[in-house]
Amino acid sequence: MRANCSSSSACPANSSEEELPVGLEVHGNLELVFTVVSTVMMGLLMFSLGCSVEIRKLWSHIRRPWGIAVGLLCQFGLMPFTAYLLAISFSLKPVQAIAVLLMGCCPGGTISNIFTFWVDGDMDLSISMTTCSTVAALGMMPLCIYLYTWSWSLQQNLTVPYQNIGITLVCLTIPVAFGVYVNYRWPKQSKIILKIGAIVGGVLLLVVAVAGVVLAKGSWNSDITLLTISFIFPLIGHVTGFLLALFTHQSWQRCRTISLETGAQNIQMCITMLQLSFTAEHLVQMLSFPLAYGLFQLIDGFLIVAAYQTYKRRLKNKHGKRNSGCTEVCHTRKLTSSKETNAFLEVNEEGAVTPGPPGPMDCHRALEPVGHITSCE
């Protein structure tokens, strides 16, 4: 697996003695912030979201992994292929094309789990997909990179961050296991933890996004092409993931889940892979893409959540008005029936008190039908 950083010469090897150029002086701080904050965020989020996982449903996904299979097809089939087409369609420079391709080959990120919770998705499937895609990345990332770069005459070695993948798996599975146990033993308390975790997770996502943009401000370049790709790439992932899930006859809940899992990539893993494979000189041209992708996937996720919550609220209001209208009709009918019944009873009481044979009017009133009390369903 080799990658060429320019069309005329090969990339030099990474060297610890090489001075960082302007724009990457805060690169060490950026790496520290993303590593520490992302790890803490991942642990807290996965513990709280694990409180929504039921062992029975999780086991059903493992026994019949159709949803997981569709998600993996989207993750390591659609996303790398989309990245390859975008790199060719926009005629990117070699270093930029590699950055786009690496992003497409990365597994799903934990950000998709919190968005899935906010759109009432299948949390068991979401966490299963994130875990399985991270495990599959051990073999699928090198395979996808080899398949899509073998014809590029590349010369720079690309280093797959196996250590980073292992840390991701540990930070993913252990908190989820604790969350599942808490949900099994204390289901009422787990709901409270889940609500708090959802709110805290949203705040942490914003903090990480803002911190990443501020600390990496020197790494941003004015390449409109890369910014355009970073904007449309996650959107294409969301749409194609939803359509493929719909085509395979998945439920609407699973379609929303697979859509979010497909478009949300592991940004930290992509940044780590770029750091291990390229020099600081080339990172100036490459690092802006994963940062921009991370920012736009946050924006896309919040827009999807806002659209779903708006639709859900309108649907709820519509049903509420329908139910309230039915209640008013029922109440009106009951009042009318009650008045008619009371009038009939009053007529009967008058006839019973008055002695003597009934007159013609009394006979006529006694023969009036009683209004039937109707109910509204």
# chains A, B, ... in the order shown; residues from 1 in each chain; ligands from 1
>>> residues_around(residues="segment 251-254 of chain A", least_positions_apart="4", cutoff="12 Å", atoms="only C-alpha atoms", output="PDB file with N, CA, C and O atoms, in the first residue's frame")
ATOM      1  N   HIS A  61     -30.103  -9.006  16.996  1.00  0.00           N
ATOM      2  CA  HIS A  61     -29.294  -8.444  15.906  1.00  0.00           C
ATOM      3  C   HIS A  61     -28.094  -9.328  15.601  1.00  0.00           C
ATOM      4  O   HIS A  61     -27.665  -9.430  14.433  1.00  0.00           O
ATOM      5  N   TRP A  66     -28.979  -8.936   9.654  1.00  0.00           N
ATOM      6  CA  TRP A  66     -29.266  -8.321   8.359  1.00  0.00           C
ATOM      7  C   TRP A  66     -28.997  -6.820   8.397  1.00  0.00           C
ATOM      8  O   TRP A  66     -28.401  -6.260   7.463  1.00  0.00           O
ATOM      9  N   GLY A  67     -29.438  -6.162   9.452  1.00  0.00           N
ATOM     10  CA  GLY A  67     -29.196  -4.722   9.558  1.00  0.00           C
ATOM     11  C   GLY A  67     -27.719  -4.402   9.653  1.00  0.00           C
ATOM     12  O   GLY A  67     -27.238  -3.436   9.041  1.00  0.00           O
ATOM     13  N   ILE A  68     -26.973  -5.207  10.414  1.00  0.00           N
ATOM     14  CA  ILE A  68     -25.526  -4.993  10.529  1.00  0.00           C
ATOM     15  C   ILE A  68     -24.842  -5.206   9.182  1.00  0.00           C
ATOM     16  O   ILE A  68     -23.927  -4.455   8.807  1.00  0.00           O
ATOM     17  N   VAL A  70     -26.126  -4.783   6.168  1.00  0.00           N
ATOM     18  CA  VAL A  70     -26.413  -3.628   5.311  1.00  0.00           C
ATOM     19  C   VAL A  70     -25.557  -2.440   5.716  1.00  0.00           C
ATOM     20  O   VAL A  70     -25.016  -1.709   4.870  1.00  0.00           O
ATOM     21  N   GLY A  71     -25.405  -2.229   7.031  1.00  0.00           N
ATOM     22  CA  GLY A  71     -24.581  -1.130   7.509  1.00  0.00           C
ATOM     23  C   GLY A  71     -23.125  -1.277   7.114  1.00  0.00           C
ATOM     24  O   GLY A  71     -22.477  -0.306   6.697  1.00  0.00           O
ATOM     25  N   THR A 116     -28.528   9.051  16.510  1.00  0.00           N
ATOM     26  CA  THR A 116     -29.538   7.989  16.397  1.00  0.00           C
ATOM     27  C   THR A 116     -30.517   8.039  17.565  1.00  0.00           C
ATOM     28  O   THR A 116     -31.722   7.835  17.385  1.00  0.00           O
ATOM     29  N   PHE A 117     -30.015   8.310  18.748  1.00  0.00           N
ATOM     30  CA  PHE A 117     -30.896   8.428  19.913  1.00  0.00           C
ATOM     31  C   PHE A 117     -31.869   9.589  19.746  1.00  0.00           C
ATOM     32  O   PHE A 117     -33.049   9.480  20.087  1.00  0.00           O
ATOM     33  N   TRP A 118     -31.399  10.684  19.206  1.00  0.00           N
ATOM     34  CA  TRP A 118     -32.249  11.885  19.060  1.00  0.00           C
ATOM     35  C   TRP A 118     -33.305  11.732  17.974  1.00  0.00           C
ATOM     36  O   TRP A 118     -34.272  12.480  17.955  1.00  0.00           O
ATOM     37  N   VAL A 119     -33.103  10.802  17.038  1.00  0.00           N
ATOM     38  CA  VAL A 119     -34.116  10.596  15.988  1.00  0.00           C
ATOM     39  C   VAL A 119     -34.912   9.317  16.232  1.00  0.00           C
ATOM     40  O   VAL A 119     -35.542   8.792  15.306  1.00  0.00           O
ATOM     41  N   ASP A 120     -34.887   8.812  17.459  1.00  0.00           N
ATOM     42  CA  ASP A 120     -35.633   7.609  17.840  1.00  0.00           C
ATOM     43  C   ASP A 120     -35.265   6.418  16.963  1.00  0.00           C
ATOM     44  O   ASP A 120     -36.134   5.655  16.529  1.00  0.00           O
ATOM     45  N   GLY A 121     -33.976   6.278  16.698  1.00  0.00           N
ATOM     46  CA  GLY A 121     -33.515   5.161  15.889  1.00  0.00           C
ATOM     47  C   GLY A 121     -33.345   3.894  16.709  1.00  0.00           C
ATOM     48  O   GLY A 121     -33.662   3.842  17.905  1.00  0.00           O
ATOM     49  N   ASP A 122     -32.830   2.874  16.083  1.00  0.00           N
ATOM     50  CA  ASP A 122     -32.595   1.584  16.726  1.00  0.00           C
ATOM     51  C   ASP A 122     -31.219   1.629  17.396  1.00  0.00           C
ATOM     52  O   ASP A 122     -30.189   1.436  16.752  1.00  0.00           O
ATOM     53  N   MET A 123     -31.200   1.896  18.714  1.00  0.00           N
ATOM     54  CA  MET A 123     -29.940   2.044  19.421  1.00  0.00           C
ATOM     55  C   MET A 123     -29.148   0.736  19.452  1.00  0.00           C
ATOM     56  O   MET A 123     -27.912   0.751  19.389  1.00  0.00           O
ATOM     57  N   ASP A 124     -29.828  -0.384  19.553  1.00  0.00           N
ATOM     58  CA  ASP A 124     -29.139  -1.674  19.555  1.00  0.00           C
ATOM     59  C   ASP A 124     -28.401  -1.885  18.236  1.00  0.00           C
ATOM     60  O   ASP A 124     -27.244  -2.324  18.219  1.00  0.00           O
ATOM     61  N   LEU A 125     -29.061  -1.547  17.132  1.00  0.00           N
ATOM     62  CA  LEU A 125     -28.424  -1.670  15.820  1.00  0.00           C
ATOM     63  C   LEU A 125     -27.302  -0.652  15.663  1.00  0.00           C
ATOM     64  O   LEU A 125     -26.243  -0.967  15.102  1.00  0.00           O
ATOM     65  N   SER A 126     -27.503   0.570  16.150  1.00  0.00           N
ATOM     66  CA  SER A 126     -26.496   1.617  16.006  1.00  0.00           C
ATOM     67  C   SER A 126     -25.193   1.242  16.709  1.00  0.00           C
ATOM     68  O   SER A 126     -24.103   1.331  16.127  1.00  0.00           O
ATOM     69  N   MET A 129     -23.552  -1.696  14.943  1.00  0.00           N
ATOM     70  CA  MET A 129     -22.888  -1.290  13.706  1.00  0.00           C
ATOM     71  C   MET A 129     -21.573  -0.584  13.985  1.00  0.00           C
ATOM     72  O   MET A 129     -20.561  -0.826  13.304  1.00  0.00           O
ATOM     73  N   GLY A 241     -27.054   5.668   2.229  1.00  0.00           N
ATOM     74  CA  GLY A 241     -27.297   4.696   3.284  1.00  0.00           C
ATOM     75  C   GLY A 241     -28.779   4.478   3.528  1.00  0.00           C
ATOM     76  O   GLY A 241     -29.240   3.343   3.698  1.00  0.00           O
ATOM     77  N   PHE A 242     -29.544   5.580   3.518  1.00  0.00           N
ATOM     78  CA  PHE A 242     -30.991   5.471   3.712  1.00  0.00           C
ATOM     79  C   PHE A 242     -31.644   4.719   2.557  1.00  0.00           C
ATOM     80  O   PHE A 242     -32.500   3.854   2.773  1.00  0.00           O
ATOM     81  N   LEU A 243     -31.227   5.036   1.334  1.00  0.00           N
ATOM     82  CA  LEU A 243     -31.830   4.392   0.164  1.00  0.00           C
ATOM     83  C   LEU A 243     -31.501   2.898   0.110  1.00  0.00           C
ATOM     84  O   LEU A 243     -32.364   2.079  -0.230  1.00  0.00           O
ATOM     85  N   LEU A 244     -30.267   2.526   0.443  1.00  0.00           N
ATOM     86  CA  LEU A 244     -29.902   1.114   0.427  1.00  0.00           C
ATOM     87  C   LEU A 244     -30.663   0.352   1.513  1.00  0.00           C
ATOM     88  O   LEU A 244     -31.122  -0.781   1.282  1.00  0.00           O
ATOM     89  N   ALA A 245     -30.804   0.960   2.690  1.00  0.00           N
ATOM     90  CA  ALA A 245     -31.578   0.311   3.748  1.00  0.00           C
ATOM     91  C   ALA A 245     -33.044   0.168   3.342  1.00  0.00           C
ATOM     92  O   ALA A 245     -33.681  -0.852   3.611  1.00  0.00           O
ATOM     93  N   LEU A 246     -33.569   1.181   2.663  1.00  0.00           N
ATOM     94  CA  LEU A 246     -34.950   1.119   2.197  1.00  0.00           C
ATOM     95  C   LEU A 246     -35.112   0.070   1.107  1.00  0.00           C
ATOM     96  O   LEU A 246     -36.117  -0.658   1.061  1.00  0.00           O
ATOM     97  N   PHE A 247     -34.109  -0.043   0.241  1.00  0.00           N
ATOM     98  CA  PHE A 247     -34.147  -1.021  -0.845  1.00  0.00           C
ATOM     99  C   PHE A 247     -34.106  -2.451  -0.308  1.00  0.00           C
ATOM    100  O   PHE A 247     -34.677  -3.366  -0.916  1.00  0.00           O
ATOM    101  N   ILE A 258     -29.236   3.403   9.911  1.00  0.00           N
ATOM    102  CA  ILE A 258     -28.194   3.089   8.929  1.00  0.00           C
ATOM    103  C   ILE A 258     -27.755   4.345   8.186  1.00  0.00           C
ATOM    104  O   ILE A 258     -26.570   4.509   7.862  1.00  0.00           O
ATOM    105  N   SER A 259     -28.683   5.247   7.928  1.00  0.00           N
ATOM    106  CA  SER A 259     -28.343   6.506   7.261  1.00  0.00           C
ATOM    107  C   SER A 259     -27.345   7.313   8.078  1.00  0.00           C
ATOM    108  O   SER A 259     -26.336   7.802   7.552  1.00  0.00           O
ATOM    109  N   LEU A 260     -27.608   7.459   9.364  1.00  0.00           N
ATOM    110  CA  LEU A 260     -26.708   8.233  10.222  1.00  0.00           C
ATOM    111  C   LEU A 260     -25.376   7.524  10.406  1.00  0.00           C
ATOM    112  O   LEU A 260     -24.319   8.173  10.453  1.00  0.00           O
ATOM    113  N   GLU A 261     -25.396   6.202  10.513  1.00  0.00           N
ATOM    114  CA  GLU A 261     -24.155   5.450  10.668  1.00  0.00           C
ATOM    115  C   GLU A 261     -23.273   5.548   9.426  1.00  0.00           C
ATOM    116  O   GLU A 261     -22.046   5.558   9.521  1.00  0.00           O
ATOM    117  N   TYR A 308     -36.335  15.961  11.952  1.00  0.00           N
ATOM    118  CA  TYR A 308     -37.124  14.848  12.487  1.00  0.00           C
ATOM    119  C   TYR A 308     -37.974  15.301  13.675  1.00  0.00           C
ATOM    120  O   TYR A 308     -39.151  14.939  13.773  1.00  0.00           O
TER     121      TYR A 308
END
>>> atom_distance(atom1="atom CA of Gly179 of chain A", atom2="atom CA of Ser112 of chain A")
17.4 Å
